[in-house]
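Coordinates as given in entry-v5.txt (compact mmCIF, C-alpha atoms and all ligand atoms):
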# COMPACT_ATOMS: atom_id res chain seq x y z
CA MET A 1 0.00 0.00 0.00
CA LYS A 2 1.29 3.48 -0.92
CA LEU A 3 2.38 5.54 2.09
CA LEU A 4 1.75 9.09 0.88
CA PRO A 5 -1.86 9.99 1.69
CA THR A 6 -4.14 12.47 -0.09
CA PRO A 7 -4.10 15.24 0.94
CA PHE A 8 -0.62 15.53 2.46
CA ARG A 9 1.31 18.28 4.25
CA ALA A 10 4.92 18.75 3.22
CA LEU A 11 8.13 20.31 4.52
CA VAL A 12 11.15 21.02 2.30
CA ILE A 13 14.44 21.48 4.19
CA GLY A 14 17.04 23.34 2.13
CA ALA A 15 14.35 25.15 0.14
CA SER A 16 16.91 27.75 -1.02
CA GLY A 17 18.91 25.21 -3.05
CA THR A 18 18.43 24.35 -6.72
CA ILE A 19 16.76 20.98 -6.07
CA GLY A 20 15.02 22.24 -2.91
CA ASP A 21 13.47 25.14 -4.83
CA ALA A 22 12.32 22.78 -7.60
CA PHE A 23 10.62 20.57 -4.97
CA VAL A 24 8.89 23.68 -3.57
CA GLU A 25 7.63 24.54 -7.07
CA LEU A 26 6.40 20.99 -7.78
CA LEU A 27 4.63 20.71 -4.41
CA THR A 28 3.09 24.20 -4.67
CA ASN A 29 1.40 23.07 -7.88
CA HIS A 30 0.53 19.57 -6.69
CA PRO A 31 -3.23 19.23 -6.09
CA ALA A 32 -2.78 16.75 -3.21
CA CYS A 33 -0.31 18.95 -1.28
CA SER A 34 -2.57 20.88 1.09
CA GLU A 35 0.18 22.80 2.94
CA LEU A 36 3.82 23.42 2.21
CA THR A 37 6.61 24.90 4.33
CA GLY A 38 10.18 25.52 3.21
CA VAL A 39 13.12 26.17 5.54
CA HIS A 40 16.77 27.02 4.94
CA ARG A 41 19.65 29.01 6.45
CA HIS A 42 17.82 32.34 6.08
CA SER A 43 14.17 31.35 6.52
CA LYS A 44 11.95 32.62 9.37
CA TYR A 45 12.98 29.61 11.45
CA PRO A 46 16.53 29.09 10.15
CA LEU A 47 18.64 25.98 10.29
CA ASP A 48 22.38 25.99 9.63
CA TYR A 49 24.30 22.73 9.76
CA LEU A 50 27.40 24.53 11.04
CA ASN A 51 25.29 25.43 14.09
CA PRO A 52 23.68 22.12 15.18
CA ASP A 53 21.54 23.80 17.89
CA SER A 54 19.61 25.55 15.10
CA ILE A 55 18.28 22.15 13.94
CA GLU A 56 16.51 21.46 17.22
CA SER A 57 15.17 25.02 17.51
CA CYS A 58 13.83 24.99 13.93
CA ALA A 59 12.05 21.67 14.62
CA ALA A 60 10.64 23.07 17.89
CA GLU A 61 9.22 26.11 16.05
CA LEU A 62 7.62 23.92 13.37
CA ALA A 63 6.09 21.50 15.88
CA ALA A 64 3.00 23.74 15.96
CA GLU A 65 2.25 22.97 12.30
CA ALA A 66 3.04 19.25 12.51
CA PRO A 67 2.33 16.50 11.65
CA TYR A 68 3.82 16.32 8.17
CA GLN A 69 3.19 13.39 5.88
CA LEU A 70 6.23 14.28 3.73
CA ILE A 71 9.61 15.78 4.70
CA ILE A 72 12.30 16.20 2.05
CA ASN A 73 15.82 17.26 3.07
CA THR A 74 17.90 18.57 0.16
CA ILE A 75 20.81 20.16 2.08
CA GLY A 76 24.29 19.16 0.96
CA VAL A 77 27.65 20.52 -0.23
CA LEU A 78 30.36 19.30 -2.58
CA HIS A 79 32.65 22.35 -2.76
CA SER A 80 33.06 25.70 -1.04
CA GLU A 81 35.00 28.91 -1.45
CA HIS A 82 37.76 27.24 0.58
CA TRP A 83 38.07 23.86 -1.15
CA MET A 84 37.17 21.64 -4.10
CA PRO A 85 36.69 17.84 -4.02
CA GLU A 86 40.00 16.04 -3.49
CA LYS A 87 41.58 14.45 -6.58
CA ARG A 88 44.30 12.58 -4.70
CA LEU A 89 45.38 11.55 -1.19
CA ASP A 90 47.71 14.54 -0.97
CA ASP A 91 44.65 16.84 -1.18
CA LEU A 92 43.09 15.23 1.91
CA ASN A 93 42.81 17.62 4.85
CA ALA A 94 41.05 17.64 8.20
CA ASP A 95 39.13 20.92 7.74
CA GLN A 96 37.42 19.79 4.54
CA LEU A 97 36.64 16.34 5.93
CA ILE A 98 35.15 17.83 9.10
CA ASP A 99 33.04 20.44 7.27
CA LEU A 100 31.61 17.90 4.83
CA MET A 101 30.84 15.48 7.65
CA LYS A 102 29.08 18.29 9.52
CA ILE A 103 26.97 19.41 6.54
CA ASN A 104 26.37 16.13 4.67
CA ALA A 105 26.13 13.61 7.51
CA ILE A 106 25.85 15.06 11.03
CA GLY A 107 23.36 17.82 10.12
CA PRO A 108 21.02 15.48 8.20
CA ALA A 109 21.24 12.87 11.00
CA LEU A 110 20.29 15.43 13.67
CA THR A 111 17.53 16.57 11.31
CA ILE A 112 16.20 13.01 11.29
CA ARG A 113 16.49 12.96 15.10
CA HIS A 114 14.49 16.16 15.63
CA PHE A 115 12.17 16.25 12.60
CA SER A 116 11.13 12.59 12.64
CA LYS A 117 9.11 13.57 15.73
CA LEU A 118 7.03 15.80 13.42
CA LEU A 119 6.17 12.92 11.06
CA ASP A 120 2.59 11.69 11.02
CA PRO A 121 2.57 8.32 12.83
CA GLN A 122 -0.33 7.18 10.59
CA ASN A 123 1.46 7.51 7.22
CA SER A 124 4.61 9.46 6.42
CA ILE A 125 7.84 9.65 4.46
CA MET A 126 11.15 11.39 5.18
CA VAL A 127 13.52 11.59 2.23
CA THR A 128 17.12 12.76 2.52
CA LEU A 129 19.08 13.47 -0.65
CA SER A 130 22.24 11.39 -0.78
CA ALA A 131 24.47 10.66 -3.80
CA LYS A 132 25.43 7.53 -5.73
CA VAL A 133 29.10 8.43 -5.24
CA GLY A 134 28.47 7.68 -1.55
CA SER A 135 28.04 4.01 -2.47
CA ILE A 136 31.09 2.06 -1.27
CA GLU A 137 30.33 -0.87 -3.56
CA ASP A 138 29.87 1.34 -6.63
CA ASN A 139 33.11 3.33 -6.10
CA ARG A 140 35.09 2.72 -9.27
CA LEU A 141 36.81 6.03 -9.95
CA GLY A 142 38.10 7.05 -6.49
CA GLY A 143 38.71 10.70 -5.61
CA TRP A 144 36.21 13.07 -3.92
CA TYR A 145 37.21 11.57 -0.56
CA SER A 146 35.29 13.82 1.80
CA TYR A 147 32.09 13.97 -0.28
CA ARG A 148 32.04 10.20 -0.81
CA ALA A 149 32.80 9.51 2.87
CA SER A 150 30.21 11.99 4.15
CA LYS A 151 27.46 10.56 1.93
CA ALA A 152 28.46 6.98 2.92
CA ALA A 153 28.19 8.05 6.58
CA LEU A 154 24.83 9.67 5.81
CA ASN A 155 23.58 6.44 4.25
CA MET A 156 24.55 4.45 7.36
CA LEU A 157 22.85 7.01 9.63
CA ILE A 158 19.63 6.86 7.56
CA LYS A 159 19.64 3.05 7.51
CA THR A 160 20.21 2.85 11.28
CA ALA A 161 17.47 5.40 12.04
CA ALA A 162 15.10 3.57 9.71
CA ILE A 163 15.58 0.36 11.70
CA GLU A 164 14.78 2.20 14.96
CA LEU A 165 11.72 3.87 13.43
CA THR A 166 10.25 0.55 12.31
CA ARG A 167 9.76 -0.03 16.06
CA THR A 168 8.65 3.47 17.14
CA LYS A 169 6.89 4.71 13.95
CA PRO A 170 6.13 1.61 11.87
CA ASN A 171 4.12 3.57 9.29
CA ALA A 172 6.94 5.98 8.44
CA ALA A 173 9.60 5.40 5.77
CA LEU A 174 13.10 6.92 5.86
CA ILE A 175 14.78 6.94 2.47
CA ALA A 176 18.17 7.97 1.00
CA LEU A 177 17.50 9.27 -2.52
CA HIS A 178 19.99 9.95 -5.34
CA PRO A 179 18.81 12.74 -7.67
CA GLY A 180 21.11 11.94 -10.61
CA THR A 181 23.36 14.64 -12.04
CA VAL A 182 21.44 17.90 -11.91
CA ASN A 183 22.37 21.30 -13.28
CA SER A 184 22.85 23.23 -10.01
CA ARG A 185 25.22 25.39 -7.98
CA LEU A 186 26.71 22.18 -6.57
CA SER A 187 27.48 20.59 -9.93
CA LYS A 188 28.44 23.78 -11.82
CA PRO A 189 32.24 23.46 -11.45
CA PHE A 190 32.00 19.85 -12.77
CA ARG A 191 30.32 20.61 -16.10
CA GLY A 192 26.91 20.43 -14.40
CA GLN A 193 25.42 22.77 -17.01
CA GLN A 194 26.46 20.43 -19.82
CA ILE A 195 25.92 17.01 -18.23
CA GLY A 196 23.25 17.74 -15.61
CA ARG A 197 19.48 17.61 -16.08
CA PRO A 198 17.25 20.57 -15.23
CA ALA A 199 16.21 20.38 -11.55
CA ASN A 200 12.49 20.29 -12.40
CA GLU A 201 12.97 17.07 -14.43
CA ALA A 202 14.98 15.41 -11.65
CA VAL A 203 12.40 16.45 -9.06
CA ALA A 204 9.49 15.13 -11.17
CA ASP A 205 11.30 11.76 -11.37
CA MET A 206 12.08 11.72 -7.64
CA PHE A 207 8.49 12.60 -6.77
CA ARG A 208 7.25 9.62 -8.82
CA VAL A 209 9.49 7.43 -6.64
CA ILE A 210 8.21 9.11 -3.44
CA GLU A 211 4.54 8.69 -4.46
CA ASN A 212 5.03 4.95 -4.91
CA LEU A 213 6.90 4.28 -1.65
CA GLN A 214 5.53 1.65 0.69
CA LYS A 215 6.44 1.20 4.34
CA GLU A 216 8.51 -1.89 3.43
CA ASP A 217 10.82 0.45 1.46
CA THR A 218 12.10 2.13 4.62
CA GLY A 219 15.87 2.08 4.97
CA SER A 220 16.44 1.94 1.19
CA PHE A 221 18.99 3.79 -0.93
CA LEU A 222 17.12 4.60 -4.15
CA SER A 223 17.88 6.34 -7.40
CA TYR A 224 15.55 8.91 -9.06
CA SER A 225 14.49 6.08 -11.40
CA GLY A 226 13.32 3.95 -8.45
CA GLU A 227 16.27 1.56 -8.84
CA LYS A 228 17.71 0.20 -5.55
CA LEU A 229 21.35 1.30 -5.23
CA PRO A 230 24.10 -0.76 -3.59
CA TRP A 231 25.37 0.60 -0.25
N1 LIG A 301 23.32 18.47 -8.24
C1 LIG A 301 23.72 17.21 -8.40
O1 LIG A 301 24.17 16.81 -9.50
C2 LIG A 301 23.62 16.24 -7.25
C3 LIG A 301 24.00 14.89 -7.48
C4 LIG A 301 23.92 13.98 -6.42
C5 LIG A 301 23.45 14.41 -5.18
N2 LIG A 301 23.08 15.72 -4.99
C6 LIG A 301 22.60 16.12 -3.66
O2 LIG A 301 21.39 16.85 -3.80
C7 LIG A 301 21.28 17.81 -2.73
C8 LIG A 301 20.90 19.17 -3.28
O3 LIG A 301 21.93 19.64 -4.13
P1 LIG A 301 21.75 20.87 -5.16
O4 LIG A 301 22.31 20.37 -6.43
O5 LIG A 301 20.36 21.42 -5.10
O6 LIG A 301 22.79 21.91 -4.53
P2 LIG A 301 22.66 23.47 -4.23
O7 LIG A 301 21.87 24.17 -5.27
O8 LIG A 301 24.06 23.92 -3.99
O9 LIG A 301 21.82 23.51 -2.84
C9 LIG A 301 22.42 23.12 -1.64
C10 LIG A 301 21.53 23.44 -0.47
O10 LIG A 301 22.26 23.13 0.74
C11 LIG A 301 22.19 24.27 1.60
N3 LIG A 301 23.34 24.37 2.52
C12 LIG A 301 24.65 24.40 2.20
N4 LIG A 301 25.38 24.52 3.33
C13 LIG A 301 24.50 24.56 4.38
C14 LIG A 301 24.63 24.68 5.79
N5 LIG A 301 25.81 24.82 6.39
N6 LIG A 301 23.50 24.67 6.54
C15 LIG A 301 22.28 24.57 5.96
N7 LIG A 301 22.09 24.48 4.63
C16 LIG A 301 23.20 24.47 3.85
C17 LIG A 301 22.13 25.47 0.66
O11 LIG A 301 21.73 26.62 1.39
P3 LIG A 301 22.11 28.10 0.88
O12 LIG A 301 21.14 28.41 -0.24
O13 LIG A 301 21.90 28.93 2.11
O14 LIG A 301 23.54 28.06 0.42
C18 LIG A 301 21.13 24.93 -0.35
O15 LIG A 301 19.82 25.02 0.18
C19 LIG A 301 22.61 17.74 -1.97
O16 LIG A 301 22.46 16.94 -0.81
C20 LIG A 301 23.56 17.06 -2.94
O17 LIG A 301 24.61 16.37 -2.28
C21 LIG A 301 23.15 16.63 -5.99

Before anything else, please render the file you have as structure tokens.
Ligand SMILES: NC(=O)c1ccc[n+]([C@@H]2O[C@H](COP(=O)([O-])OP(=O)(O)OC[C@H]3O[C@@H](n4cnc5c(N)ncnc54)[C@H](OP(=O)(O)O)[C@@H]3O)[C@@H](O)[C@H]2O)c1
Amino acid sequence: MKLLPTPFRALVIGASGTIGDAFVELLTNHPACSELTGVHRHSKYPLDYLNPDSIESCAAELAAEAPYQLIINTIGVLHSEHWMPEKRLDDLNADQLIDLMKINAIGPALTIRHFSKLLDPQNSIMVTLSAKVGSIEDNRLGGWYSYRASKAALNMLIKTAAIELTRTKPNAALIALHPGTVNSRLSKPFRGQQIGRPANEAVADMFRVIENLQKEDTGSFLSYSGEKLPW
């Protein structure tokens, strides 16, 4: 049985990003989405993954409008003004590893901790955007150490939380979802404009996957096509 009810109330975390904004647009125009909230670093109730306390306070502020039947977290980084993905071992450095762990793994995990309490116990889905390059089994090219490691850590945190939630919220599914290569700020330095799809196409594909999720899918790592990805 499909988990997403009609109507449903949705929350997009990271609504200022390219994919986050495209989810906001899709859900705003979706007839079954009765209410939509978007949060990001500069929203009314801000959350910044370099300030973990902001995650709990944002969730506390939004508790008044809970429960949500759908939460989608799109926050993530690949590069910054200080560093680019590592090409070789000699590029590896503690600052970059720590920052990517904070933003791509620790922040999303604490988001699951605090925002899963806002999920509807009857029927709900929490999706966190991961990346196929976080798959250990699928790693053929190497490189991008901190991004790969942070997304692999994220995948483990999602899987572990999903197992706990099957006991405490058996009608909720936690999913790691790979969007494919999308033309965005994140992919721009890596020929994202040439090789990436428009965000609205990727989001339409991902929403088709979300709409068809069943509670048995919890703890899965899925691609935008619905394919199950190796951990
Ligand atoms: N684009 C791709 O090809 C691709 C491929 C695989 C996976 N993904 C994943 O998809 C997700 C969305 O990526 P995107 O392409 O939409 O990237 P994007 O346009 O760069 O958006 C990134 C989002 O993360 C937020 N963010 C960055 N640092 C943050 C922090 N410290 N605290 C809170 N929010 C922070 C940004 O907020 P600001 O607007 O405030 O900067 C923005 O909302 C990411 O998790 C990424 O790893 C993307």

Handout entry: Top pick for closest residue to A:Gln214, considering A:Arg113, A:His30, A:His178, A:Lys2 and counting only C-alpha atoms
Key =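 Looking at the shortest contact to A:Gln214, the residue is A:Lys2.
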
Determine, using only C-alpha atoms and all ligand atoms, which residues of chain A have any atom at most 8 Å from an atom of ligand LIG 301 (chain A), and tabulate each with its shortest atom pair and distance in Å to one decimal place, rows ordered by chain and then rising number, as a tab-separated table.
residue	atom	partner	partner_atom	distance
A:Ile13	CA	A:LIG301	O15	7.6
A:Gly14	CA	A:LIG301	O15	3.8
A:Ala15	CA	A:LIG301	O15	5.5
A:Ser16	CA	A:LIG301	O15	4.2
A:Gly17	CA	A:LIG301	O15	3.4
A:Thr18	CA	A:LIG301	O7	3.7
A:Ile19	CA	A:LIG301	O5	3.8
A:Gly20	CA	A:LIG301	O5	5.8
A:Asp21	CA	A:LIG301	O5	7.8
A:His40	CA	A:LIG301	N7	5.9
A:Arg41	CA	A:LIG301	O13	4.9
A:His42	CA	A:LIG301	O13	6.6
A:Leu47	CA	A:LIG301	C15	5.8
A:Asp48	CA	A:LIG301	N6	3.5
A:Tyr49	CA	A:LIG301	N6	3.8
A:Leu50	CA	A:LIG301	N5	4.9
A:Asn51	CA	A:LIG301	N5	7.7
A:Asn73	CA	A:LIG301	O16	7.7
A:Thr74	CA	A:LIG301	C7	4.5
A:Ile75	CA	A:LIG301	O10	3.6
A:Gly76	CA	A:LIG301	O16	3.4
A:Val77	CA	A:LIG301	C12	5.5
A:Leu78	CA	A:LIG301	O17	6.5
A:Lys102	CA	A:LIG301	N5	7.9
A:Ile103	CA	A:LIG301	N5	5.5
A:Asn104	CA	A:LIG301	O16	6.8
A:Gly107	CA	A:LIG301	N6	7.7
A:Thr128	CA	A:LIG301	O16	7.6
A:Leu129	CA	A:LIG301	O16	4.8
A:Ser130	CA	A:LIG301	C5	5.5
A:Ala131	CA	A:LIG301	C5	4.1
A:Lys132	CA	A:LIG301	C4	6.7
A:Val133	CA	A:LIG301	C4	7.7
A:Lys151	CA	A:LIG301	O17	7.7
A:His178	CA	A:LIG301	C5	5.6
A:Pro179	CA	A:LIG301	C4	5.4
A:Gly180	CA	A:LIG301	C3	5.2
A:Thr181	CA	A:LIG301	O1	3.4
A:Val182	CA	A:LIG301	O1	3.8
A:Asn183	CA	A:LIG301	N1	5.9
A:Ser184	CA	A:LIG301	O4	4.6
A:Arg185	CA	A:LIG301	O8	4.4
A:Leu186	CA	A:LIG301	O8	4.1
A:Ser187	CA	A:LIG301	N1	5.0
A:Gly192	CA	A:LIG301	O1	6.7
A:Gly196	CA	A:LIG301	O1	6.2
A:Ala199	CA	A:LIG301	O5	7.7

Problem - Distance criterion (only C-alpha atoms): nearest to A:Glu216 out of A:Arg197, A:Leu174, A:Glu35, A:Val203 - result: A:Leu174

Practice task
To one decimal in Å, tell me the separation between atom CA of A:Pro189 and atom CA of A:His79.
Solution key: 8.8 Å

Practice task
Excluding A:Leu165 and any residue of its chain fewer than 4 positions from it, enumerate the residues within 12 Å of it, using all atoms listed in the file, and give them as a PyMOL selection string.
Solution key: chain A and resi 112-113+116-117+119+121+124-126+158-161+169-175+215-216+218-219

Practice task
Check the smallest atom-to-atom distance from each of A:Asn93, A:Asn123, A:Ser135, A:Ser43 to A:Phe8 using all atoms listed in the file, then report the winner.
Solution key: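 Distance minimum relative to A:Phe8 lands on A:Asn123.
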
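Relative to atom CA of A:Asp99, atom CA of A:Ser146 is found at 8.9 Å.
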